[in-house]
Each structure stands twice: as C-alpha cells, then as structure tokens.
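Student: This is the content of upload-v8.pdb (PDB, C-alpha atoms, pLDDT in the B column):
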ATOM      1  CA  MET A 270      75.558  90.445  77.313  1.00 54.00           C
ATOM      2  CA  GLN A 271      77.787  89.450  80.207  1.00 57.00           C
ATOM      3  CA  ALA A 272      77.276  91.417  83.403  1.00 68.00           C
ATOM      4  CA  LYS A 273      80.121  93.630  84.491  1.00 84.00           C
ATOM      5  CA  ILE A 274      82.206  92.227  87.328  1.00 91.00           C
ATOM      6  CA  THR A 275      82.060  94.629  90.253  1.00 96.00           C
ATOM      7  CA  VAL A 276      85.043  95.712  92.306  1.00 97.00           C
ATOM      8  CA  THR A 277      83.798  93.815  95.367  1.00 98.00           C
ATOM      9  CA  GLU A 278      83.389  90.648  93.316  1.00 97.00           C
ATOM     10  CA  THR A 279      86.926  91.075  91.995  1.00 97.00           C
ATOM     11  CA  TRP A 280      88.207  91.468  95.543  1.00 98.00           C
ATOM     12  CA  LEU A 281      86.322  88.444  96.859  1.00 97.00           C
ATOM     13  CA  ARG A 282      87.714  86.282  94.080  1.00 97.00           C
ATOM     14  CA  LYS A 283      91.216  87.634  94.579  1.00 97.00           C
ATOM     15  CA  HIS A 284      91.156  87.143  98.350  1.00 98.00           C
ATOM     16  CA  ARG A 285      88.948  84.040  98.465  1.00 97.00           C
ATOM     17  CA  HIS A 286      91.280  82.101 100.732  1.00 97.00           C
ATOM     18  CA  LEU A 287      91.276  84.791 103.416  1.00 97.00           C
ATOM     19  CA  TYR A 288      87.554  85.418 102.982  1.00 98.00           C
ATOM     20  CA  ASP A 289      86.790  81.719 103.442  1.00 97.00           C
ATOM     21  CA  GLY A 290      89.026  81.761 106.511  1.00 97.00           C
ATOM     22  CA  ALA A 291      86.774  84.431 108.008  1.00 97.00           C
ATOM     23  CA  THR A 292      83.402  82.963 106.995  1.00 98.00           C
ATOM     24  CA  ARG A 293      84.214  79.246 107.422  1.00 97.00           C
ATOM     25  CA  HIS A 294      86.425  79.480 110.485  1.00 97.00           C
ATOM     26  CA  PRO A 295      86.741  76.405 112.765  1.00 97.00           C
ATOM     27  CA  PHE A 296      84.722  78.295 115.395  1.00 97.00           C
ATOM     28  CA  ILE A 297      81.821  78.640 112.951  1.00 98.00           C
ATOM     29  CA  ARG A 298      82.245  75.093 111.704  1.00 97.00           C
ATOM     30  CA  SER A 299      82.119  73.817 115.290  1.00 97.00           C
ATOM     31  CA  ILE A 300      78.696  75.471 115.680  1.00 98.00           C
ATOM     32  CA  ARG A 301      77.535  74.062 112.350  1.00 97.00           C
ATOM     33  CA  ASP A 302      78.816  70.569 113.188  1.00 97.00           C
ATOM     34  CA  GLY A 303      77.249  70.617 116.656  1.00 96.00           C
ATOM     35  CA  ASN A 304      80.463  70.052 118.581  1.00 96.00           C
ATOM     36  CA  ILE A 305      81.204  73.566 119.837  1.00 96.00           C
ATOM     37  CA  ASP A 306      82.564  73.947 123.347  1.00 95.00           C
ATOM     38  CA  ILE A 307      79.957  76.105 125.091  1.00 95.00           C
ATOM     39  CA  SER A 308      82.714  77.902 126.983  1.00 96.00           C
ATOM     40  CA  ALA A 309      84.003  79.099 123.595  1.00 96.00           C
ATOM     41  CA  PHE A 310      80.538  80.366 122.721  1.00 97.00           C
ATOM     42  CA  LYS A 311      80.364  82.238 126.035  1.00 97.00           C
ATOM     43  CA  THR A 312      83.752  83.788 125.342  1.00 97.00           C
ATOM     44  CA  TRP A 313      82.530  84.962 121.947  1.00 98.00           C
ATOM     45  CA  LEU A 314      79.306  86.309 123.485  1.00 98.00           C
ATOM     46  CA  GLY A 315      81.059  88.465 126.058  1.00 98.00           C
ATOM     47  CA  GLN A 316      83.771  89.689 123.728  1.00 98.00           C
ATOM     48  CA  ASP A 317      81.347  90.472 120.906  1.00 98.00           C
ATOM     49  CA  TYR A 318      79.197  92.515 123.263  1.00 98.00           C
ATOM     50  CA  ILE A 319      82.212  94.742 123.882  1.00 97.00           C
ATOM     51  CA  PHE A 320      82.896  94.903 120.158  1.00 98.00           C
ATOM     52  CA  VAL A 321      79.314  95.868 119.294  1.00 97.00           C
ATOM     53  CA  ARG A 322      79.451  98.756 121.731  1.00 96.00           C
ATOM     54  CA  ALA A 323      82.569  99.988 119.918  1.00 96.00           C
ATOM     55  CA  PHE A 324      80.815  99.336 116.610  1.00 97.00           C
ATOM     56  CA  VAL A 325      78.081 101.893 117.419  1.00 97.00           C
ATOM     57  CA  PRO A 326      80.193 105.072 117.096  1.00 97.00           C
ATOM     58  CA  PHE A 327      81.854 103.620 114.003  1.00 98.00           C
ATOM     59  CA  VAL A 328      78.503 103.045 112.267  1.00 97.00           C
ATOM     60  CA  ALA A 329      77.349 106.491 113.366  1.00 96.00           C
ATOM     61  CA  SER A 330      80.454 107.926 111.677  1.00 97.00           C
ATOM     62  CA  VAL A 331      79.664 106.004 108.484  1.00 97.00           C
ATOM     63  CA  LEU A 332      76.183 107.529 108.570  1.00 95.00           C
ATOM     64  CA  THR A 333      77.697 111.006 108.871  1.00 94.00           C
ATOM     65  CA  LYS A 334      80.101 110.300 106.004  1.00 95.00           C
ATOM     66  CA  ALA A 335      77.187 109.031 103.879  1.00 94.00           C
ATOM     67  CA  TYR A 336      75.237 112.216 104.540  1.00 92.00           C
ATOM     68  CA  LYS A 337      78.198 114.323 103.459  1.00 89.00           C
ATOM     69  CA  GLY A 338      79.689 112.109 100.767  1.00 80.00           C
ATOM     70  CA  SER A 339      76.895 110.307  98.919  1.00 74.00           C
ATOM     71  CA  ASP A 340      74.667 111.586  96.138  1.00 71.00           C
ATOM     72  CA  ASP A 341      71.186 112.729  97.090  1.00 61.00           C
ATOM     73  CA  GLY A 342      68.526 110.191  96.278  1.00 59.00           C
ATOM     74  CA  ASN A 343      70.665 107.058  96.103  1.00 67.00           C
ATOM     75  CA  GLY A 344      69.405 105.801  99.463  1.00 87.00           C
ATOM     76  CA  ASP A 345      72.747 105.372 101.244  1.00 92.00           C
ATOM     77  CA  VAL A 346      71.661 107.312 104.321  1.00 93.00           C
ATOM     78  CA  GLU A 347      68.422 105.346 104.684  1.00 93.00           C
ATOM     79  CA  VAL A 348      70.176 101.971 104.392  1.00 94.00           C
ATOM     80  CA  ILE A 349      72.889 102.863 106.905  1.00 95.00           C
ATOM     81  CA  LEU A 350      70.373 104.482 109.247  1.00 93.00           C
ATOM     82  CA  GLY A 351      68.582 101.131 109.369  1.00 91.00           C
ATOM     83  CA  GLY A 352      71.823  99.556 110.530  1.00 91.00           C
ATOM     84  CA  VAL A 353      72.238 102.161 113.261  1.00 91.00           C
ATOM     85  CA  ALA A 354      68.693 101.539 114.507  1.00 89.00           C
ATOM     86  CA  ALA A 355      69.217  97.769 114.579  1.00 92.00           C
ATOM     87  CA  LEU A 356      72.189  98.115 116.929  1.00 94.00           C
ATOM     88  CA  HIS A 357      69.912  99.083 119.821  1.00 94.00           C
ATOM     89  CA  ASP A 358      68.104  95.746 119.526  1.00 95.00           C
ATOM     90  CA  GLU A 359      71.404  93.954 119.066  1.00 96.00           C
ATOM     91  CA  ILE A 360      72.833  95.266 122.318  1.00 97.00           C
ATOM     92  CA  SER A 361      69.614  94.315 124.117  1.00 97.00           C
ATOM     93  CA  TRP A 362      69.891  90.841 122.600  1.00 97.00           C
ATOM     94  CA  PHE A 363      73.446  90.424 123.887  1.00 97.00           C
ATOM     95  CA  LYS A 364      72.335  91.384 127.392  1.00 97.00           C
ATOM     96  CA  LYS A 365      69.465  88.898 127.285  1.00 97.00           C
ATOM     97  CA  GLU A 366      71.695  86.102 125.974  1.00 97.00           C
ATOM     98  CA  ALA A 367      74.379  86.856 128.547  1.00 97.00           C
ATOM     99  CA  PHE A 368      71.819  86.518 131.325  1.00 97.00           C
ATOM    100  CA  LYS A 369      70.599  83.224 129.845  1.00 96.00           C
ATOM    101  CA  TRP A 370      74.113  81.799 129.673  1.00 97.00           C
ATOM    102  CA  GLY A 371      75.317  83.212 132.984  1.00 97.00           C
ATOM    103  CA  VAL A 372      77.856  85.560 131.403  1.00 97.00           C
ATOM    104  CA  GLN A 373      78.577  88.606 133.583  1.00 97.00           C
ATOM    105  CA  LEU A 374      79.058  91.345 131.014  1.00 96.00           C
ATOM    106  CA  SER A 375      80.191  93.889 133.611  1.00 94.00           C
ATOM    107  CA  SER A 376      83.218  91.754 134.415  1.00 95.00           C
ATOM    108  CA  ILE A 377      84.297  91.024 130.837  1.00 96.00           C
ATOM    109  CA  VAL A 378      87.770  92.298 129.990  1.00 96.00           C
ATOM    110  CA  PRO A 379      88.467  92.758 126.270  1.00 97.00           C
ATOM    111  CA  GLN A 380      91.109  90.369 125.023  1.00 97.00           C
ATOM    112  CA  LYS A 381      93.976  91.481 122.788  1.00 97.00           C
ATOM    113  CA  ALA A 382      92.313  90.578 119.484  1.00 98.00           C
ATOM    114  CA  ASN A 383      89.203  92.478 120.527  1.00 98.00           C
ATOM    115  CA  GLN A 384      91.179  95.515 121.661  1.00 98.00           C
ATOM    116  CA  GLU A 385      93.035  95.648 118.351  1.00 98.00           C
ATOM    117  CA  TYR A 386      89.826  95.296 116.337  1.00 98.00           C
ATOM    118  CA  CYS A 387      88.154  98.084 118.314  1.00 98.00           C
ATOM    119  CA  ARG A 388      91.200 100.314 117.809  1.00 98.00           C
ATOM    120  CA  PHE A 389      90.972  99.616 114.088  1.00 98.00           C
ATOM    121  CA  LEU A 390      87.329 100.700 114.072  1.00 98.00           C
ATOM    122  CA  GLU A 391      88.249 103.860 115.935  1.00 98.00           C
ATOM    123  CA  SER A 392      90.897 104.634 113.312  1.00 98.00           C
ATOM    124  CA  LEU A 393      88.168 104.729 110.657  1.00 98.00           C
ATOM    125  CA  ILE A 394      85.968 107.257 112.462  1.00 98.00           C
ATOM    126  CA  GLY A 395      87.924 110.433 111.747  1.00 95.00           C
ATOM    127  CA  PRO A 396      86.850 112.872 109.029  1.00 94.00           C
ATOM    128  CA  GLU A 397      90.065 112.220 107.110  1.00 96.00           C
ATOM    129  CA  VAL A 398      88.852 108.686 106.293  1.00 97.00           C
ATOM    130  CA  GLU A 399      86.922 108.649 103.040  1.00 97.00           C
ATOM    131  CA  TYR A 400      83.294 107.512 103.020  1.00 96.00           C
ATOM    132  CA  THR A 401      84.135 104.791 100.496  1.00 97.00           C
ATOM    133  CA  VAL A 402      86.829 103.317 102.740  1.00 98.00           C
ATOM    134  CA  ALA A 403      84.632 103.323 105.853  1.00 98.00           C
ATOM    135  CA  ALA A 404      81.703 101.869 103.892  1.00 97.00           C
ATOM    136  CA  VAL A 405      83.867  98.958 102.741  1.00 98.00           C
ATOM    137  CA  ALA A 406      84.682  98.116 106.357  1.00 98.00           C
ATOM    138  CA  PHE A 407      81.024  98.350 107.347  1.00 98.00           C
ATOM    139  CA  TRP A 408      79.874  96.123 104.492  1.00 98.00           C
ATOM    140  CA  ALA A 409      82.615  93.559 105.146  1.00 98.00           C
ATOM    141  CA  ILE A 410      81.974  93.296 108.889  1.00 98.00           C
ATOM    142  CA  GLU A 411      78.239  92.799 108.440  1.00 98.00           C
ATOM    143  CA  THR A 412      78.616  90.395 105.517  1.00 98.00           C
ATOM    144  CA  ILE A 413      81.132  88.149 107.248  1.00 98.00           C
ATOM    145  CA  TYR A 414      78.680  87.613 110.090  1.00 97.00           C
ATOM    146  CA  GLN A 415      75.794  87.029 107.713  1.00 97.00           C
ATOM    147  CA  GLU A 416      77.647  84.434 105.665  1.00 98.00           C
ATOM    148  CA  SER A 417      79.198  82.772 108.708  1.00 98.00           C
ATOM    149  CA  PHE A 418      75.969  82.253 110.612  1.00 98.00           C
ATOM    150  CA  ALA A 419      73.939  81.453 107.491  1.00 98.00           C
ATOM    151  CA  HIS A 420      76.378  78.561 107.017  1.00 97.00           C
ATOM    152  CA  CYS A 421      75.174  77.243 110.387  1.00 97.00           C
ATOM    153  CA  LEU A 422      71.554  77.227 109.190  1.00 97.00           C
ATOM    154  CA  GLU A 423      71.996  75.153 106.042  1.00 96.00           C
ATOM    155  CA  ASP A 424      69.898  72.011 105.699  1.00 95.00           C
ATOM    156  CA  ASP A 425      72.715  69.607 106.539  1.00 95.00           C
ATOM    157  CA  SER A 426      73.940  71.560 109.571  1.00 97.00           C
ATOM    158  CA  LYS A 427      73.883  70.081 113.077  1.00 97.00           C
ATOM    159  CA  THR A 428      73.759  73.389 114.907  1.00 98.00           C
ATOM    160  CA  PRO A 429      72.620  72.850 118.528  1.00 97.00           C
ATOM    161  CA  PRO A 430      69.013  73.996 119.055  1.00 96.00           C
ATOM    162  CA  GLU A 431      70.078  76.377 121.830  1.00 96.00           C
ATOM    163  CA  LEU A 432      72.323  78.232 119.347  1.00 97.00           C
ATOM    164  CA  LYS A 433      69.829  78.438 116.491  1.00 96.00           C
ATOM    165  CA  GLU A 434      68.531  81.829 117.649  1.00 95.00           C
ATOM    166  CA  THR A 435      72.047  83.245 117.588  1.00 96.00           C
ATOM    167  CA  CYS A 436      72.600  81.968 114.060  1.00 97.00           C
ATOM    168  CA  LYS A 437      69.239  83.245 112.856  1.00 97.00           C
ATOM    169  CA  ARG A 438      69.995  86.715 114.165  1.00 96.00           C
ATOM    170  CA  TRP A 439      72.678  87.239 111.509  1.00 97.00           C
ATOM    171  CA  GLY A 440      72.112  84.336 109.132  1.00 97.00           C
ATOM    172  CA  ASN A 441      68.554  85.184 108.103  1.00 96.00           C
ATOM    173  CA  GLU A 442      67.592  86.232 104.574  1.00 96.00           C
ATOM    174  CA  SER A 443      66.491  89.715 105.593  1.00 96.00           C
ATOM    175  CA  PHE A 444      69.920  90.482 107.021  1.00 96.00           C
ATOM    176  CA  GLY A 445      71.415  89.041 103.853  1.00 96.00           C
ATOM    177  CA  GLU A 446      69.382  91.482 101.766  1.00 96.00           C
ATOM    178  CA  TYR A 447      70.601  94.316 103.969  1.00 97.00           C
ATOM    179  CA  CYS A 448      74.203  93.218 103.396  1.00 97.00           C
ATOM    180  CA  ASN A 449      73.555  93.181  99.647  1.00 97.00           C
ATOM    181  CA  SER A 450      72.272  96.745  99.926  1.00 96.00           C
ATOM    182  CA  LEU A 451      75.506  97.730 101.660  1.00 97.00           C
ATOM    183  CA  ARG A 452      77.478  95.985  98.930  1.00 97.00           C
ATOM    184  CA  ASN A 453      75.593  97.922  96.251  1.00 95.00           C
ATOM    185  CA  ILE A 454      76.463 101.148  98.076  1.00 95.00           C
ATOM    186  CA  VAL A 455      80.122 100.152  98.193  1.00 97.00           C
ATOM    187  CA  ASP A 456      80.269  99.199  94.529  1.00 96.00           C
ATOM    188  CA  GLY A 457      78.567 102.446  93.588  1.00 94.00           C
ATOM    189  CA  GLN A 458      81.179 104.413  95.503  1.00 95.00           C
ATOM    190  CA  LEU A 459      84.075 102.371  94.123  1.00 97.00           C
ATOM    191  CA  GLU A 460      82.962 102.938  90.539  1.00 94.00           C
ATOM    192  CA  LYS A 461      83.674 106.647  90.881  1.00 93.00           C
ATOM    193  CA  ALA A 462      86.570 106.448  93.345  1.00 96.00           C
ATOM    194  CA  SER A 463      90.166 107.382  92.574  1.00 97.00           C
ATOM    195  CA  ASP A 464      92.836 104.707  92.335  1.00 97.00           C
ATOM    196  CA  ASP A 465      94.226 105.876  95.672  1.00 98.00           C
ATOM    197  CA  VAL A 466      90.889 105.450  97.441  1.00 98.00           C
ATOM    198  CA  ILE A 467      90.346 102.045  95.824  1.00 98.00           C
ATOM    199  CA  THR A 468      93.757 100.926  97.043  1.00 98.00           C
ATOM    200  CA  LYS A 469      92.986 102.102 100.584  1.00 98.00           C
ATOM    201  CA  ALA A 470      89.556 100.467 100.462  1.00 98.00           C
ATOM    202  CA  GLU A 471      90.997  97.108  99.421  1.00 98.00           C
ATOM    203  CA  ALA A 472      93.585  97.319 102.187  1.00 98.00           C
ATOM    204  CA  THR A 473      90.756  98.043 104.628  1.00 98.00           C
ATOM    205  CA  LEU A 474      88.878  94.944 103.473  1.00 98.00           C
ATOM    206  CA  LEU A 475      91.968  92.844 104.111  1.00 98.00           C
ATOM    207  CA  ARG A 476      92.379  94.356 107.581  1.00 98.00           C
ATOM    208  CA  VAL A 477      88.758  93.480 108.400  1.00 98.00           C
ATOM    209  CA  LEU A 478      89.242  89.897 107.231  1.00 98.00           C
ATOM    210  CA  GLU A 479      92.386  89.546 109.333  1.00 98.00           C
ATOM    211  CA  HIS A 480      90.698  91.001 112.403  1.00 98.00           C
ATOM    212  CA  GLU A 481      87.700  88.711 111.953  1.00 98.00           C
ATOM    213  CA  VAL A 482      89.924  85.636 111.807  1.00 98.00           C
ATOM    214  CA  ASP A 483      91.771  86.812 114.913  1.00 98.00           C
ATOM    215  CA  PHE A 484      88.450  87.398 116.690  1.00 98.00           C
ATOM    216  CA  TRP A 485      87.232  83.882 115.854  1.00 98.00           C
ATOM    217  CA  ASN A 486      90.618  82.504 116.950  1.00 97.00           C
ATOM    218  CA  MET A 487      90.252  84.308 120.280  1.00 96.00           C
ATOM    219  CA  SER A 488      86.758  82.892 120.770  1.00 93.00           C
ATOM    220  CA  HIS A 489      87.925  79.436 119.779  1.00 86.00           C
ATOM    221  CA  GLY A 490      90.799  79.518 122.280  1.00 79.00           C
ATOM    222  CA  ARG A 491      93.526  79.968 119.689  1.00 64.00           C
ATOM    223  CA  THR A 492      96.268  82.572 119.558  1.00 53.00           C
TER     224      THR A 492
END
Could you render the structure from this file as structure tokens?
Tutor:
Amino acid sequence: MQAKITVTETWLRKHRHLYDGATRHPFIRSIRDGNIDISAFKTWLGQDYIFVRAFVPFVASVLTKAYKGSDDGNGDVEVILGGVAALHDEISWFKKEAFKWGVQLSSIVPQKANQEYCRFLESLIGPEVEYTVAAVAFWAIETIYQESFAHCLEDDSKTPPELKETCKRWGNESFGEYCNSLRNIVDGQLEKASDDVITKAEATLLRVLEHEVDFWNMSHGRT
C-alpha cells in the first residue's frame, strides 16, 4: 500500500525551485566548494547572531502555542522545549566563534534583510497566530539550516577545515532527526487544520524561504 503523501511533502514538491534556492544557495555552495570569501562568512556570523537572539522569543511563543494548542501526550511540547534549551548553547557558540574570527558582536548593525526577517518572526509571536502556522515557520527555519549545512558535509565536499565545526553544528544527523520531529508535528497539525489555516501556513513557508534566500544573499554580498 502506497504511503500517504503529507502536506509538507506536497509543499516541498510544489515549491522545489524556491526550496532549492534556500538550501543550495551560492553562499552555501561556496562553503561546500571551498572557495568562500571569509569576509562573507564573518558577515553571516555577525548577522546570524542577531537573528538567533530574535529567534529566542519566537521559539518561546511556539512553545506556548504548543502547550495551549496541541493534544496532550503527542510530545509537541517536549520536542519544542528541546529546541528552546539548545538556543542557549547556540548563542554561546556564536560568541565563541565571533571571538575566534575577530568579529565584534557589540558593533554589528543588522542589515536590511536581517531586520525584515526579524520583523517577520515578531509578526508570528502574537496570540492571534495559530499554532500550526507558527510551527510551520519553526520547522522550515530549522530544516533549511540542517539541509544547507549537511550539504557541506557530504563526502565530495571541499569545505574548509576551519568551517567544518560550523557545518556540523546544524548539518549533523541528530539535528536532522530533530527537524524530522518538527516536521511530524507540523504534518499532524495540518491534517486537522482548516483550509484557511493551511493556506496561511503555506504562505508562511513561502515567506520563510524568501527570507532565507535574502539572508544568504546579504551574507554573500548580494542585494
């Protein structure tokens, strides 16, 4: 018997071109091919630190929505709580990497693409935003990083040794399993969602993909 195609799988097939643009961006390919301009990496490092700090209240809001909007016993809260806990280590990692690369985080000014992405996250925090919609954004953001940096760890990659730790942070199998858990949560919510919520959730996925491409463009020195 053929397995049922999930809503997220349908979306990823439908929007494959944009999804590939986010997960196989020239910035990521330059890491994988070993020809990245280190100044571009430093730009990404500083800007992503700002983004992660804005990501914290967003994830906390998803946790609150999960507590209020998910069924007891399905594990949503526990999975998302793990993501909240991991952000403490992630922020510490950014500070350590910034010191290593000589990036002064206190002097970083968020660029336009970063500002717009952070404003988008903030727009998803309010109680009027459905849990399903916010969960889609959370899953997409985490998964794009996982797939992007996992691409830099494939056997034929030429990722510079000094960037391997960065790639392993998001490209490892454990983080991939976590992203799959988020995807299962999303598909579970979408199965019982109204057409209106599904429409909003798909639009949110597209917004995330567009923001991710813009963020990579910013890091890569493109407008």
Student: Just give me the gap between CA of Gly440 (chain A) and CA of Val353 (chain A) in Å, one decimal is fine.
Tutor: 18.3 Å
Student: If the PyMOL selection byres ((chain A and resi 461-477) around 7) were run on this exact file, what residues would it hold? Put them as a list in words.
Tutor: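 This file gives the following for the PyMOL selection byres ((chain A and resi 461-477) around 7): Thr401, Val402, Val405, Ala406, Ala409, Ile410, Gln458, Leu459, Glu460, Leu478, Glu479, His480 and Glu481 of chain A.
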Student: Report as a ChimeraX atom specification all protein, DNA and RNA residues lying within 10 Å of Trp362 (chain A), evaluated on all atoms listed in the file, omitting residues in the same chain fewer than 5 positions from it.
Tutor: /A:318,356-357,367-368,435,438
Student: What's the 7 Å shell around Thr275 (chain A), counting all atoms listed in the file, without same-chain residues fewer than 3 positions away, as an NGL selection string?
Tutor: :A and (278-279 or 456)
Student: Please produce an output containing C-alpha atoms for each residue in the selection, written as a PDB file, keeping the file's coordinate frame.
Tutor:
ATOM      1  CA  GLU A 278      83.389  90.648  93.316  1.00 97.00           C
ATOM      2  CA  THR A 279      86.926  91.075  91.995  1.00 97.00           C
ATOM      3  CA  ASP A 456      80.269  99.199  94.529  1.00 96.00           C
TER       4      ASP A 456
END
Student: What lies within 12 Å of Gly290 (chain A) using all atoms listed in the file, ignoring chain neighbours under 4 positions off, as a VMD selection string?
Tutor: chain A and resid 284 to 286 294 to 298 413 416 to 417 475 477 to 486
